[in-house]
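Below: entry21.txt (compact mmCIF, C-alpha atoms)
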```
# COMPACT_ATOMS: atom_id res chain seq x y z
CA PRO A 1 20.49 159.16 66.69
CA LEU A 2 22.67 156.61 68.50
CA ALA A 3 21.91 156.03 72.15
CA THR A 4 24.66 157.04 74.58
CA SER A 5 25.28 155.52 77.99
CA THR A 6 25.36 157.79 81.02
CA SER A 7 26.33 155.08 83.50
CA SER A 8 29.52 155.44 85.50
CA PRO A 9 32.56 153.45 84.33
CA THR A 10 32.95 150.08 86.01
CA PRO A 11 36.17 150.02 88.09
CA ALA A 12 38.82 147.72 86.64
CA GLN A 13 39.03 144.48 88.60
CA ARG A 14 42.34 143.44 90.13
CA GLU A 15 43.63 139.95 90.67
CA ILE A 16 46.32 139.26 93.22
CA THR A 17 47.98 136.09 94.46
CA VAL A 18 48.23 135.58 98.22
CA ALA A 19 50.43 132.86 99.72
CA VAL A 20 49.74 131.93 103.33
CA THR A 21 51.80 129.32 105.15
CA GLY A 22 51.62 127.71 108.54
CA ASP A 23 53.83 127.47 111.57
CA ILE A 24 57.39 128.69 111.68
CA LEU A 25 58.21 126.55 114.71
CA PRO A 26 61.93 125.70 114.96
CA HIS A 27 62.56 122.76 117.25
CA ALA A 28 66.08 122.07 118.48
CA PRO A 29 67.23 119.97 115.46
CA VAL A 30 66.12 122.72 113.07
CA VAL A 31 67.96 125.40 115.04
CA ALA A 32 71.07 123.20 115.15
CA ALA A 33 70.93 122.72 111.37
CA ALA A 34 70.89 126.49 110.88
CA ARG A 35 73.92 127.18 113.09
CA THR A 36 76.99 128.45 111.21
CA THR A 37 80.65 127.90 111.98
CA GLN A 38 80.82 131.53 113.15
CA GLY A 39 78.24 130.85 115.84
CA SER A 40 75.36 132.73 114.19
CA TYR A 41 72.32 131.22 112.45
CA ASP A 42 71.34 131.11 108.80
CA PHE A 43 67.85 129.77 108.09
CA VAL A 44 67.81 130.73 104.41
CA PRO A 45 69.14 127.35 103.16
CA LEU A 46 66.36 125.58 105.09
CA LEU A 47 63.72 127.82 103.51
CA ARG A 48 65.14 128.01 99.99
CA GLY A 49 62.86 125.24 98.74
CA ILE A 50 59.79 127.47 99.12
CA ALA A 51 61.39 130.67 97.83
CA GLY A 52 59.88 130.17 94.36
CA PRO A 53 56.16 130.13 95.20
CA ILE A 54 56.59 132.57 98.08
CA GLY A 55 58.53 135.03 95.97
CA ASP A 56 56.10 134.74 93.08
CA ALA A 57 53.07 135.65 95.21
CA ASP A 58 51.93 139.27 95.32
CA LEU A 59 51.53 138.98 99.09
CA ALA A 60 53.10 136.26 101.25
CA LEU A 61 52.23 135.80 104.93
CA CYS A 62 53.57 133.28 107.41
CA HIS A 63 52.59 132.29 110.92
CA LEU A 64 55.52 132.86 113.25
CA GLU A 65 54.56 130.74 116.23
CA VAL A 66 57.56 131.41 118.47
CA PRO A 67 59.14 134.45 120.11
CA LEU A 68 62.47 135.65 118.76
CA ALA A 69 65.37 136.42 121.09
CA ARG A 70 67.32 139.68 120.99
CA ASP A 71 70.58 137.76 120.78
CA HIS A 72 71.77 134.19 121.19
CA ARG A 73 71.51 134.10 124.96
CA GLY A 74 68.75 131.97 126.43
CA LEU A 75 67.72 130.22 123.22
CA SER A 76 65.29 127.39 123.85
CA SER A 77 63.00 124.95 122.12
CA TYR A 78 60.02 122.83 123.16
CA PRO A 79 58.08 123.32 125.34
CA VAL A 80 58.99 126.99 125.94
CA PHE A 81 60.47 128.56 122.82
CA ASN A 82 62.97 131.37 122.29
CA ALA A 83 64.28 131.24 118.72
CA PRO A 84 67.26 132.98 117.08
CA PRO A 85 66.42 136.45 115.71
CA GLU A 86 67.96 135.57 112.32
CA ILE A 87 64.71 133.82 111.44
CA ALA A 88 63.11 137.20 110.67
CA ALA A 89 65.71 138.17 108.06
CA ALA A 90 65.49 134.70 106.50
CA LEU A 91 61.72 134.99 106.12
CA ALA A 92 62.11 138.34 104.39
CA GLU A 93 64.86 137.05 102.13
CA VAL A 94 62.77 134.18 100.76
CA GLY A 95 59.93 136.57 99.99
CA TYR A 96 57.55 136.88 102.93
CA ASP A 97 55.91 140.27 103.50
CA GLY A 98 54.61 139.72 107.01
CA CYS A 99 53.59 137.24 109.69
CA SER A 100 50.81 136.55 112.13
CA VAL A 101 52.37 136.34 115.59
CA ALA A 102 49.49 135.61 117.96
CA SER A 103 49.99 131.99 118.98
CA ASN A 104 50.04 129.70 121.99
CA HIS A 105 53.78 130.44 122.27
CA SER A 106 53.59 134.23 121.87
CA PHE A 107 54.13 134.80 125.59
CA ASP A 108 56.68 132.04 126.22
CA LYS A 109 59.27 134.73 127.05
CA GLY A 110 56.92 137.27 128.55
CA VAL A 111 56.77 140.95 127.74
CA ASP A 112 60.44 141.09 126.67
CA GLY A 113 59.81 138.25 124.22
CA VAL A 114 56.90 140.08 122.62
CA ARG A 115 58.98 143.23 122.23
CA ALA A 116 62.06 141.44 120.92
CA THR A 117 60.00 139.54 118.34
CA LEU A 118 58.34 142.64 116.93
CA ASP A 119 61.63 144.54 116.91
CA ALA A 120 63.23 141.73 114.89
CA LEU A 121 60.34 141.71 112.39
CA ASP A 122 60.56 145.49 112.06
CA ASP A 123 64.30 145.27 111.43
CA ALA A 124 63.61 142.74 108.65
CA GLY A 125 60.93 144.94 107.08
CA LEU A 126 58.13 142.47 107.81
CA GLY A 127 54.59 143.39 108.79
CA HIS A 128 53.05 141.70 111.82
CA ALA A 129 49.66 141.18 113.41
CA GLY A 130 48.55 139.69 116.71
CA THR A 131 50.81 141.18 119.40
CA ALA A 132 51.82 144.67 120.48
CA ARG A 133 54.49 146.50 122.45
CA THR A 134 52.19 149.27 123.63
CA ARG A 135 48.47 149.81 124.11
CA ARG A 136 48.56 152.34 121.28
CA GLU A 137 50.18 149.85 118.91
CA SER A 138 47.56 147.24 119.81
CA ARG A 139 44.89 149.48 118.27
CA HIS A 140 46.55 149.48 114.88
CA ILE A 141 45.37 147.30 112.04
CA GLN A 142 48.12 145.81 109.85
CA THR A 143 47.23 146.31 106.20
CA TYR A 144 49.08 145.69 102.96
CA ASP A 145 48.80 147.65 99.74
CA VAL A 146 49.30 145.09 96.98
CA ASP A 147 49.29 146.72 93.56
CA GLY A 148 46.40 148.92 94.65
CA ALA A 149 44.46 146.11 96.36
CA GLU A 150 44.17 146.61 100.12
CA VAL A 151 44.49 143.56 102.39
CA ALA A 152 44.02 143.64 106.17
CA HIS A 153 45.68 141.06 108.41
CA LEU A 154 44.26 140.05 111.80
CA SER A 155 45.64 137.41 114.17
CA TYR A 156 44.44 135.76 117.41
CA THR A 157 45.32 132.79 119.59
CA TYR A 158 43.28 130.33 121.63
CA GLY A 159 45.74 130.27 124.56
CA LEU A 160 49.22 131.06 125.86
CA ASN A 161 50.89 127.76 126.74
CA GLY A 162 49.77 128.10 130.37
CA PHE A 163 51.10 131.64 130.79
CA VAL A 164 48.89 134.55 131.87
CA LEU A 165 49.03 138.10 130.54
CA PRO A 166 49.75 140.79 133.16
CA LYS A 167 46.72 142.48 134.66
CA GLY A 168 45.80 145.57 132.67
CA ARG A 169 48.06 144.56 129.77
CA THR A 170 45.96 141.98 127.98
CA TRP A 171 46.56 143.98 124.81
CA LEU A 172 50.03 142.39 124.58
CA VAL A 173 48.62 139.34 122.74
CA ASN A 174 45.33 139.03 120.86
CA THR A 175 43.30 136.14 122.24
CA ILE A 176 40.19 134.76 120.59
CA ALA A 177 36.98 136.57 121.53
CA VAL A 178 34.13 136.73 119.04
CA ARG A 179 33.11 140.30 119.87
CA ARG A 180 36.66 141.57 119.55
CA ILE A 181 37.25 139.82 116.25
CA ARG A 182 34.06 141.27 114.81
CA ARG A 183 34.96 144.71 116.09
CA ASP A 184 38.47 144.49 114.65
CA ALA A 185 37.08 143.30 111.31
CA ARG A 186 34.87 146.39 111.16
CA ARG A 187 37.81 148.60 112.09
CA ALA A 188 39.93 146.91 109.42
CA ARG A 189 37.31 147.61 106.77
CA ARG A 190 37.17 151.27 107.82
CA ALA A 191 40.97 151.43 107.70
CA LEU A 192 41.01 150.04 104.16
CA LEU A 193 38.32 152.45 102.99
CA ALA A 194 40.10 155.39 104.61
CA HIS A 195 43.41 154.46 103.01
CA ARG A 196 41.73 154.03 99.63
CA ALA A 197 40.34 157.58 99.67
CA PRO A 198 42.37 159.79 97.29
CA ALA A 199 44.40 162.55 98.84
CA PRO A 200 45.82 165.64 97.10
CA PRO A 201 49.56 165.45 96.43
CA PRO A 202 51.73 167.43 98.85
CA ALA A 203 53.01 170.81 97.76
CA ALA A 204 56.50 169.40 97.21
CA GLU A 205 55.12 167.27 94.37
CA ALA A 206 53.56 170.20 92.53
CA GLU A 207 56.36 170.31 89.96
CA GLY A 208 56.42 166.55 89.46
CA PRO A 209 57.25 163.40 91.43
CA ALA A 210 60.78 162.90 92.68
CA ASP A 211 60.96 159.22 91.74
CA LEU A 212 59.42 156.68 89.41
CA PRO A 213 57.23 154.93 92.04
CA SER A 214 55.66 158.31 92.85
CA ALA A 215 55.10 158.91 89.16
CA ILE A 216 53.31 155.57 88.84
CA ALA A 217 51.09 156.44 91.80
CA LEU A 218 50.19 159.81 90.28
CA ILE A 219 49.44 158.24 86.89
CA GLU A 220 47.17 155.65 88.49
CA ARG A 221 45.41 158.28 90.60
CA ALA A 222 44.72 160.41 87.54
CA ALA A 223 43.57 157.35 85.60
CA ALA A 224 41.19 156.35 88.39
CA GLU A 225 39.60 159.80 88.31
CA ALA A 226 39.30 159.74 84.52
CA GLY A 227 37.86 156.24 84.25
CA PRO A 228 39.14 152.71 83.55
CA LEU A 229 42.53 152.36 81.88
CA ARG A 230 42.69 151.06 78.32
CA ASP A 231 43.16 147.30 78.15
CA ASP A 232 46.71 147.75 76.91
CA ALA A 233 47.59 150.36 79.55
CA SER A 234 46.93 148.34 82.73
CA PRO A 235 49.46 145.54 81.95
CA ALA A 236 52.02 148.16 80.95
CA LEU A 237 51.67 149.95 84.28
CA ALA A 238 51.83 146.64 86.13
CA ARG A 239 55.06 145.70 84.35
CA LEU A 240 56.52 149.13 85.06
CA ARG A 241 55.61 148.86 88.73
CA ARG A 242 57.05 145.37 89.11
CA SER A 243 60.32 146.32 87.40
CA THR A 244 60.88 149.41 89.55
CA PRO A 245 62.91 148.88 92.75
CA GLY A 246 60.82 149.95 95.72
CA ALA A 247 57.69 150.60 93.68
CA ARG A 248 55.71 148.00 95.61
CA ALA A 249 57.66 148.15 98.82
CA ARG A 250 57.14 151.48 100.52
CA ALA A 251 56.34 150.65 104.15
CA ALA A 252 54.63 153.40 106.11
CA PRO A 253 56.30 154.06 109.50
CA ARG A 254 54.61 151.94 112.14
CA PRO A 255 53.47 154.10 115.08
CA SER A 256 55.36 152.11 117.67
CA PRO A 257 58.63 152.38 119.59
CA GLN A 258 60.40 151.61 116.31
CA SER A 259 59.64 152.45 112.69
CA ALA A 260 59.24 149.60 110.23
CA PRO A 261 61.76 149.64 107.36
CA THR A 262 60.77 148.95 103.79
CA GLY A 263 59.20 145.54 103.17
CA SER A 264 59.91 143.09 100.33
CA ARG A 265 57.04 143.56 97.86
CA ALA A 266 53.73 144.55 99.37
CA ALA A 267 53.71 147.94 101.08
CA ALA A 268 52.64 147.77 104.72
CA HIS A 269 50.30 150.56 105.84
CA PRO A 270 49.38 150.26 109.54
CA GLN A 271 46.27 152.35 110.16
CA ARG A 272 44.81 153.66 113.39
CA ILE A 273 41.05 153.95 113.65
```

Could I get this structure in the form of structure tokens?
Amino acid sequence: PLATSTSSPTPAQREITVAVTGDILPHAPVVAAARTTQGSYDFVPLLRGIAGPIGDADLALCHLEVPLARDHRGLSSYPVFNAPPEIAAALAEVGYDGCSVASNHSFDKGVDGVRATLDALDDAGLGHAGTARTRRESRHIQTYDVDGAEVAHLSYTYGLNGFVLPKGRTWLVNTIAVRRIRRDARRARRALLAHRAPAPPPAAEAEGPADLPSAIALIERAAAEAGPLRDDASPALARLRRSTPGARARAAPRPSPQSAPTGSRAAAHPQRI
């Protein structure tokens, strides 16, 4: 008789492309170049040259080094920055999914600057890591679900441009501390494992998913329970997912003073551990 294997199926491996870029740090000439005749700011033309590789990546992260203003009052450049809020929408338009925001300029405009920056990123549908508006938000780990691959994003800074965080509110900006980084890395891993655990569909989905992205998720969940997909099935699902508006861009509400709208490609899933 032929021998049969009783080993468990090997999970299908995923390959994703991650683009990570450095400082978004608009000095005065850059801000002036983005100013429109209507008095607003449009940074998209300045970023258009990188839209190709950024948009092609499965997950694209930038480092936003400066605080963003709520409006155009009090804008400033080196050495204490306060950049136009339109930068956030421009980053999203060229394909970024999120940004690290802990930097030596994070606290250039104090508590209001931290809040205004995160509000602008939320409005643009971008994830963010490194600063927080509340103590509760500071305990959240920013993660991204990229075609079923979970990616955690942590961010820290070496200093604050000479500024000092208020007593009892050091959670506003993540500063480098080895113990904290190790602790957060462990929490991030637990968050990823917790999010990966399958959950039963809600009762409302008993008769079938209401949209195509939900259908894809249910198909993949069933396939994962049954074993690896056929070689010709995985690419087909990937193509279906990529061609479906919103299929890769369902951002979970961020537990903060403001909910994060849908992102560009990768779905942001902030987790609390």

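With atom CA of A:Asp71 on one side and atom CA of A:Asp97 on the other, the separation reads 22.8 Å.
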
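The environment of A:Val151 within 9 Å, counting all atoms listed in the file and disregarding residues fewer than 6 places along the same chain, consists of A:Gln142, A:Thr143, A:Tyr144, A:Asp145, A:Leu192.
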
Name all residues at most 6 Å from A:Gly98 (count all atoms listed in the file; drop same-chain ones fewer than 4 positions away) and give them as a ChimeraX atom specification.
/A:61,126-128

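Closest approach to A:Ala51 among A:Ala191, A:Leu172, A:Ala185, A:Ala92: A:Ala92, based on all atoms listed in the file.
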
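Closest approach to A:Tyr41 among A:His72, A:Val66, A:Gln13, A:Leu25 is made by A:His72 (distances from only C-alpha atoms).
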
Name all residues at most 12 Å from A:Leu118 (count only C-alpha atoms; drop same-chain ones fewer than 6 positions away) and give them as JSON, numbers by chain.
{"A": [64, 66, 67, 68, 69, 70, 85, 88, 98, 99, 100, 101, 102, 106, 111, 112, 124, 125, 126, 127, 128, 129, 130, 131, 132, 133, 134, 137, 172, 173, 254, 256, 257, 258, 259, 260]}

Distance of atom CA of A:Ala194 from atom CA of A:Glu15, expressed in Å to one decimal place
21.1 Å

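Of the residues listed (A:Leu121, A:Ala90, A:Ile181, A:Ile50), A:Ala90 shows the shortest atom-to-atom separation from A:Ala34; distances use all atoms listed in the file.
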
Fewer than 2 positions away in the same chain doesn't count, so skip those; otherwise give me all residues within 7 Å of A:Ile176, counting all atoms listed in the file, as a ChimeraX atom specification.
/A:156-158,174,178

In Å and to one decimal, atom CA of A:Leu59 is distant from atom CA of A:Arg190 by 20.8 Å

Close residues, A:Gly39 itself excluded, 12 Å, all atoms listed in the file, min 2 positions apart in chain, as a count of residues only
14

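Each of A:Asn104, A:Ser138, A:Thr175, A:Thr117 was compared to A:Gly162 using all atoms listed in the file, and A:Asn104 turns out to be the nearest.
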
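With distances taken over all atoms listed in the file, A:Arg48 is the one residue among A:Arg179, A:His63, A:Lys109, A:Arg48 lying closest to A:Val94.
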
Please, can stretch 140-169 of chain A be completed to N, CA and C atoms and returned as a PDB file, keeping the file's coordinate frame?
```
ATOM      1  N   HIS A 140      46.269 149.347 116.305  1.00  0.00           N
ATOM      2  CA  HIS A 140      46.550 149.480 114.880  1.00  0.00           C
ATOM      3  C   HIS A 140      46.193 148.213 114.118  1.00  0.00           C
ATOM      4  N   ILE A 141      45.700 148.410 112.924  1.00  0.00           N
ATOM      5  CA  ILE A 141      45.370 147.300 112.040  1.00  0.00           C
ATOM      6  C   ILE A 141      46.478 147.198 110.984  1.00  0.00           C
ATOM      7  N   GLN A 142      47.089 146.015 110.881  1.00  0.00           N
ATOM      8  CA  GLN A 142      48.120 145.810 109.850  1.00  0.00           C
ATOM      9  C   GLN A 142      47.444 145.607 108.497  1.00  0.00           C
ATOM     10  N   THR A 143      47.763 146.476 107.547  1.00  0.00           N
ATOM     11  CA  THR A 143      47.230 146.310 106.200  1.00  0.00           C
ATOM     12  C   THR A 143      48.371 146.313 105.202  1.00  0.00           C
ATOM     13  N   TYR A 144      48.098 145.750 104.038  1.00  0.00           N
ATOM     14  CA  TYR A 144      49.080 145.690 102.960  1.00  0.00           C
ATOM     15  C   TYR A 144      48.466 146.265 101.690  1.00  0.00           C
ATOM     16  N   ASP A 145      49.219 147.116 101.030  1.00  0.00           N
ATOM     17  CA  ASP A 145      48.800 147.650  99.740  1.00  0.00           C
ATOM     18  C   ASP A 145      49.503 146.826  98.667  1.00  0.00           C
ATOM     19  N   VAL A 146      48.729 146.001  97.965  1.00  0.00           N
ATOM     20  CA  VAL A 146      49.300 145.090  96.980  1.00  0.00           C
ATOM     21  C   VAL A 146      48.825 145.505  95.591  1.00  0.00           C
ATOM     22  N   ASP A 147      49.658 146.245  94.892  1.00  0.00           N
ATOM     23  CA  ASP A 147      49.290 146.720  93.560  1.00  0.00           C
ATOM     24  C   ASP A 147      47.924 147.411  93.553  1.00  0.00           C
ATOM     25  N   GLY A 148      47.656 148.186  94.580  1.00  0.00           N
ATOM     26  CA  GLY A 148      46.400 148.920  94.650  1.00  0.00           C
ATOM     27  C   GLY A 148      45.284 148.177  95.343  1.00  0.00           C
ATOM     28  N   ALA A 149      45.454 146.883  95.605  1.00  0.00           N
ATOM     29  CA  ALA A 149      44.460 146.110  96.360  1.00  0.00           C
ATOM     30  C   ALA A 149      44.853 146.143  97.838  1.00  0.00           C
ATOM     31  N   GLU A 150      43.906 146.493  98.690  1.00  0.00           N
ATOM     32  CA  GLU A 150      44.170 146.610 100.120  1.00  0.00           C
ATOM     33  C   GLU A 150      43.793 145.320 100.844  1.00  0.00           C
ATOM     34  N   VAL A 151      44.715 144.806 101.643  1.00  0.00           N
ATOM     35  CA  VAL A 151      44.490 143.560 102.390  1.00  0.00           C
ATOM     36  C   VAL A 151      44.783 143.829 103.865  1.00  0.00           C
ATOM     37  N   ALA A 152      43.817 143.521 104.723  1.00  0.00           N
ATOM     38  CA  ALA A 152      44.020 143.640 106.170  1.00  0.00           C
ATOM     39  C   ALA A 152      44.393 142.279 106.743  1.00  0.00           C
ATOM     40  N   HIS A 153      45.196 142.305 107.796  1.00  0.00           N
ATOM     41  CA  HIS A 153      45.680 141.060 108.410  1.00  0.00           C
ATOM     42  C   HIS A 153      45.379 141.108 109.905  1.00  0.00           C
ATOM     43  N   LEU A 154      44.586 140.166 110.380  1.00  0.00           N
ATOM     44  CA  LEU A 154      44.260 140.050 111.800  1.00  0.00           C
ATOM     45  C   LEU A 154      44.759 138.705 112.312  1.00  0.00           C
ATOM     46  N   SER A 155      45.076 138.642 113.613  1.00  0.00           N
ATOM     47  CA  SER A 155      45.640 137.410 114.170  1.00  0.00           C
ATOM     48  C   SER A 155      45.257 137.275 115.636  1.00  0.00           C
ATOM     49  N   TYR A 156      44.875 136.038 116.031  1.00  0.00           N
ATOM     50  CA  TYR A 156      44.440 135.760 117.410  1.00  0.00           C
ATOM     51  C   TYR A 156      44.884 134.361 117.800  1.00  0.00           C
ATOM     52  N   THR A 157      44.949 134.108 119.100  1.00  0.00           N
ATOM     53  CA  THR A 157      45.320 132.790 119.590  1.00  0.00           C
ATOM     54  C   THR A 157      44.315 132.275 120.613  1.00  0.00           C
ATOM     55  N   TYR A 158      44.226 130.946 120.702  1.00  0.00           N
ATOM     56  CA  TYR A 158      43.280 130.330 121.630  1.00  0.00           C
ATOM     57  C   TYR A 158      43.818 130.288 123.058  1.00  0.00           C
ATOM     58  N   GLY A 159      45.151 130.377 123.231  1.00  0.00           N
ATOM     59  CA  GLY A 159      45.740 130.270 124.560  1.00  0.00           C
ATOM     60  C   GLY A 159      47.200 130.676 124.546  1.00  0.00           C
ATOM     61  N   LEU A 160      47.850 130.564 125.718  1.00  0.00           N
ATOM     62  CA  LEU A 160      49.220 131.060 125.860  1.00  0.00           C
ATOM     63  C   LEU A 160      50.134 130.054 126.553  1.00  0.00           C
ATOM     64  N   ASN A 161      49.966 128.789 126.243  1.00  0.00           N
ATOM     65  CA  ASN A 161      50.890 127.760 126.740  1.00  0.00           C
ATOM     66  C   ASN A 161      50.933 127.739 128.267  1.00  0.00           C
ATOM     67  N   GLY A 162      49.827 128.108 128.910  1.00  0.00           N
ATOM     68  CA  GLY A 162      49.770 128.100 130.370  1.00  0.00           C
ATOM     69  C   GLY A 162      50.173 129.411 131.009  1.00  0.00           C
ATOM     70  N   PHE A 163      50.718 130.339 130.249  1.00  0.00           N
ATOM     71  CA  PHE A 163      51.100 131.640 130.790  1.00  0.00           C
ATOM     72  C   PHE A 163      49.885 132.565 130.853  1.00  0.00           C
ATOM     73  N   VAL A 164      49.984 133.600 131.678  1.00  0.00           N
ATOM     74  CA  VAL A 164      48.890 134.550 131.870  1.00  0.00           C
ATOM     75  C   VAL A 164      49.401 135.953 131.593  1.00  0.00           C
ATOM     76  N   LEU A 165      48.650 136.714 130.833  1.00  0.00           N
ATOM     77  CA  LEU A 165      49.030 138.100 130.540  1.00  0.00           C
ATOM     78  C   LEU A 165      48.920 138.953 131.799  1.00  0.00           C
ATOM     79  N   PRO A 166      49.810 139.940 131.961  1.00  0.00           N
ATOM     80  CA  PRO A 166      49.750 140.790 133.160  1.00  0.00           C
ATOM     81  C   PRO A 166      48.420 141.534 133.241  1.00  0.00           C
ATOM     82  N   LYS A 167      47.960 141.759 134.446  1.00  0.00           N
ATOM     83  CA  LYS A 167      46.720 142.480 134.660  1.00  0.00           C
ATOM     84  C   LYS A 167      46.828 143.887 134.066  1.00  0.00           C
ATOM     85  N   GLY A 168      45.813 144.253 133.296  1.00  0.00           N
ATOM     86  CA  GLY A 168      45.800 145.570 132.670  1.00  0.00           C
ATOM     87  C   GLY A 168      46.633 145.664 131.406  1.00  0.00           C
ATOM     88  N   ARG A 169      47.233 144.544 130.987  1.00  0.00           N
ATOM     89  CA  ARG A 169      48.060 144.560 129.770  1.00  0.00           C
ATOM     90  C   ARG A 169      47.680 143.393 128.849  1.00  0.00           C
TER      91      ARG A 169
END
```
